[in-house]
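K.L.:
The structure under discussion is supplied below as structure tokens; questions concerning it will follow.
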Amino acid sequence: MITEISVKTNSKNALVDITEKIREAVRKSGIKNGICHLYAPHTTAAITINENYDPSVGVDIVGEMNKLIPMNGHYQHQEGNAAAHIKSAIIGSSRSVFIENGNLVLGTWQGIFFCEFDGPRRRKVLMKIVTED
Amino acid sequence: MITEISVKTNSKNALVDITEKIREAVRKSGIKNGICHLYAPHTTAAITINENYDPSVGVDIVGEMNKLIPMNGHYQHQEGNAAAHIKSAIIGSSRSVFIENGNLVLGTWQGIFFCEFDGPRRRKVLMKIVTED
Amino acid sequence: MITEISVKTNSKNALVDITEKIREAVRKSGIKNGICHLYAPHTTAAITINENYDPSVGVDIVGEMNKLIPMNGHYQHQEGNAAAHIKSAIIGSSRSVFIENGNLVLGTWQGIFFCEFDGPRRRKVLMKIVTED
């Protein structure tokens with residue numbers, strides 16, 4: 001079973017904290033132990049895990065990605081979003097998190113982020129849980 | 001069971017679209033629902049997922065990786081391919097894709113790419129599918 | 001079941017080879033076939049897979065990450081470790097490796113590395129194995 005989680009992004013580049021949405025989807029699944037696989041079916045977005053306590057961490061990640069891969073660089077792809085594709089390929093479109101006793105196993109400071117690189121848009125994250133024997 | 005998929009690369013750096021090869025291997029497995037884990041057993045290559053409709057996207061990803069991590073930088077590793085190792089570590093040697101009704105679950109524009117950073121070579125991608133209950 | 005593996009890091013930035021620790025943990029699990037999921041519950045560290053034969057490869061990866069994401073850049077996060085968070089988000093906090101006949105399936109030159117970006121510290125890697133039918 002695949003669960004679809006909606007994410008609305010509000011700017012061109014942004015990290016959106018989706019930890020609570022994922023936690024809620026895991027709870028609804030009723031699954032107690034396993035691996036929660038998260039997948040962004042987009043080519044100009046990604047998923048990453050990092051600190052969600054201080055929102056400035058997400059701002060720094062976005063800022064540094066913009067500096068490394070400038071939006072107005074010389075690219076062959078002619079739709080104006082080549083930088084977004086490159087960022088997406090680097091960060092990666094999926095992440096996996098363990099589930100134990102029905103809860104996501106995250107480090108103290110970790111949260112799950114949807115990375116928007118070509119927004120604002122309505123996006124989705126797909127979730128599939130593999131249960132443990 | 002591990003399925004081995006051969007990939008021939010034709011240049012030093014290139015993104016090779018392996019979507020159809022993976023789709024075919026999933027079909028042959030007969031598995032209807034699960035997670036398709038893909039793994040590159042190489043230290044100068046990687047796997048990523050991004051747009052495969054416009055081939056210039058792959059060209060841009062390769063071009064930007066070359067710009068960020070120059071082949072002729074000052075590195076300690078003395079085999080001339082240190083940049084390839086670094087790119088491989090950043091992009092990552094594995095990706096996972098969902099399978100539903102025997103098909104890969106990819107976004108509209110998504111394809112799976114083998115990333116060659118030290119070719120041309122004969123390479124391989126390993127596939128293992130975890131079935132869903 | 002989640003297995004916790006301790007990692008001691010000795011410098012600010014370093015790649016620590018944890019291949020033998022993971023191999024030993026897989027052996028202890030008694031599991032013969034499946035997927036070994038590795039997860040770093042930290043926001044200033046990561047896991048990657050690359051060459052562990054020549055130690056200079058790890059040195060080059062660390063060196064290039066430091067060059068791309070300078071520790072003294074202009075960041076909003078005020079704890080002095082913003083660069084470490086960004087590196088962690090880029091490399092990624094997890095990796096998955098196949099298990100066949102009780103052994104890790106790694107390429108000839110591949111090893112598993114814990115990436116420390118804000119050490120020295122006592123860290124941990126979480127391991128969960130999904131068995132194959």
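Scheme for the structure tokens: letters A, B, ... for chains in order shown; per-chain residue numbers from 1; ligand numbers from 1 in order shown.
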May I ask you to extract the residues of chain A within 6 Å of chain B, using only C-alpha atoms, and to give them as a list of chain:residue names?
P.N.:
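Close to chain B, chain A has A:Pro41, A:His42, A:Thr43, A:Tyr75, A:Gln76, A:His77, A:Ile86, A:Ala89, A:Ile90.
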K.L.:
Would you write out those residues with all heavy atoms, as a CSV table (one decimal), in the first residue's frame?
P.N.:
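Result file follows (selection.csv):
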```
chain,number,residue,atom,x,y,z
A,41,PRO,N,7.9,12.0,-5.8
A,41,PRO,CA,7.8,11.7,-7.3
A,41,PRO,C,8.0,12.9,-8.2
A,41,PRO,O,7.3,13.1,-9.1
A,41,PRO,CB,6.4,11.1,-7.4
A,41,PRO,CG,5.6,11.8,-6.3
A,41,PRO,CD,6.6,12.1,-5.2
A,42,HIS,N,9.0,13.7,-7.8
A,42,HIS,CA,9.2,15.0,-8.5
A,42,HIS,C,10.7,15.1,-8.9
A,42,HIS,O,11.6,14.5,-8.2
A,42,HIS,CB,8.9,16.1,-7.6
A,42,HIS,CG,7.5,16.1,-7.1
A,42,HIS,ND1,6.4,16.2,-7.9
A,42,HIS,CD2,7.0,15.8,-5.8
A,42,HIS,CE1,5.3,16.1,-7.1
A,42,HIS,NE2,5.6,15.8,-5.9
A,43,THR,N,11.0,15.8,-10.0
A,43,THR,CA,12.4,15.9,-10.4
A,43,THR,C,13.0,17.3,-10.1
A,43,THR,O,14.2,17.5,-10.4
A,43,THR,CB,12.4,15.8,-12.0
A,43,THR,OG1,11.6,16.7,-12.6
A,43,THR,CG2,12.0,14.4,-12.4
A,75,TYR,N,23.1,26.6,-18.3
A,75,TYR,CA,22.6,25.2,-18.4
A,75,TYR,C,22.0,25.0,-19.8
A,75,TYR,O,21.6,25.9,-20.5
A,75,TYR,CB,21.5,25.0,-17.3
A,75,TYR,CG,22.0,25.3,-15.9
A,75,TYR,CD1,21.5,26.4,-15.2
A,75,TYR,CD2,23.0,24.5,-15.3
A,75,TYR,CE1,21.9,26.7,-13.9
A,75,TYR,CE2,23.4,24.8,-14.0
A,75,TYR,CZ,22.8,25.9,-13.3
A,75,TYR,OH,23.3,26.1,-12.0
A,76,GLN,N,22.0,23.7,-20.2
A,76,GLN,CA,21.4,23.4,-21.5
A,76,GLN,C,19.9,23.3,-21.4
A,76,GLN,O,19.2,23.6,-22.4
A,76,GLN,CB,22.0,22.0,-22.0
A,76,GLN,CG,23.4,22.1,-22.3
A,76,GLN,CD,23.8,21.0,-23.3
A,76,GLN,OE1,23.0,20.3,-23.8
A,76,GLN,NE2,25.1,20.8,-23.4
A,77,HIS,N,19.4,22.8,-20.3
A,77,HIS,CA,17.9,22.6,-20.1
A,77,HIS,C,17.3,24.0,-20.2
A,77,HIS,O,17.6,24.9,-19.4
A,77,HIS,CB,17.7,21.9,-18.8
A,77,HIS,CG,16.2,21.5,-18.5
A,77,HIS,ND1,15.5,20.8,-19.4
A,77,HIS,CD2,15.4,21.8,-17.5
A,77,HIS,CE1,14.2,20.6,-18.9
A,77,HIS,NE2,14.2,21.3,-17.7
A,86,ILE,N,19.3,19.7,-10.7
A,86,ILE,CA,20.6,19.4,-10.1
A,86,ILE,C,20.5,19.2,-8.6
A,86,ILE,O,21.0,18.2,-8.1
A,86,ILE,CB,21.6,20.4,-10.6
A,86,ILE,CG1,21.8,20.4,-12.1
A,86,ILE,CG2,23.0,20.1,-9.9
A,86,ILE,CD1,22.4,21.7,-12.7
A,89,ALA,N,18.8,16.0,-7.7
A,89,ALA,CA,19.6,14.8,-8.0
A,89,ALA,C,20.7,14.6,-6.9
A,89,ALA,O,21.0,13.5,-6.5
A,89,ALA,CB,20.3,14.9,-9.3
A,90,ILE,N,21.2,15.7,-6.4
A,90,ILE,CA,22.2,15.7,-5.3
A,90,ILE,C,21.6,15.3,-4.0
A,90,ILE,O,22.1,14.4,-3.3
A,90,ILE,CB,22.9,17.1,-5.2
A,90,ILE,CG1,23.8,17.2,-6.5
A,90,ILE,CG2,23.8,17.1,-3.9
A,90,ILE,CD1,24.5,18.6,-6.5
```
K.L.:
Applying 7 Å and only C-alpha atoms, which residues near Arg122 in chain B remain after dropping the ones on its own chain fewer than 6 positions away? List them as number ranges by chain.
P.N.:
B: 7-9
K.L.:
Pull C-alpha atoms from the residues just selected and write them as a short mmCIF file (atom, residue, chain, number, x, y, z; two decimals), in the first residue's frame.
P.N.:
```cif
data_model
loop_
_atom_site.label_atom_id
_atom_site.label_comp_id
_atom_site.auth_asym_id
_atom_site.auth_seq_id
_atom_site.Cartn_x
_atom_site.Cartn_y
_atom_site.Cartn_z
CA VAL B 7 25.50 -1.00 -17.78
CA LYS B 8 27.96 0.09 -20.42
CA THR B 9 29.15 3.67 -20.16
#
```
K.L.:
Just to confirm, what's the straight-line distance from CA of Glu116 in chain A to CA of Phe117 in chain C in Å (one decimal)?
P.N.:
24.5 Å
K.L.:
Leaving out Glu20 in chain C and any residue of its chain fewer than 4 positions from it, which residues lie within 9 Å of it when counting only C-alpha atoms, given as a short mmCIF file (atom, residue, chain, number, x, y, z; two decimals) with N, CA and C atoms, in the first residue's frame?
P.N.:
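In the end it all went to result-v8.cif:
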```cif
data_model
loop_
_atom_site.label_atom_id
_atom_site.label_comp_id
_atom_site.auth_asym_id
_atom_site.auth_seq_id
_atom_site.Cartn_x
_atom_site.Cartn_y
_atom_site.Cartn_z
N GLU C 24 30.18 -7.23 11.56
CA GLU C 24 30.07 -7.98 12.81
C GLU C 24 28.62 -7.96 13.32
N ALA C 25 27.97 -6.82 13.23
CA ALA C 25 26.57 -6.71 13.70
C ALA C 25 25.65 -7.57 12.84
N GLY C 111 33.67 0.43 1.15
CA GLY C 111 33.53 0.33 2.59
C GLY C 111 32.43 1.29 3.02
N ILE C 112 31.96 1.13 4.27
CA ILE C 112 30.91 2.00 4.79
C ILE C 112 31.55 3.00 5.74
#
```
K.L.:
So how far away is CA of Cys36 in chain C from CA of Met127 in chain A, in Å?
P.N.:
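Between CA of Met127 in chain A and CA of Cys36 in chain C the gap works out to 19.3 Å.
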K.L.:
Provide the CA of His85 in chain C to CA of Thr44 in chain C distance in Å, to one decimal place.
P.N.:
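According to the coordinates, CA of His85 in chain C and CA of Thr44 in chain C are separated by 4.7 Å.
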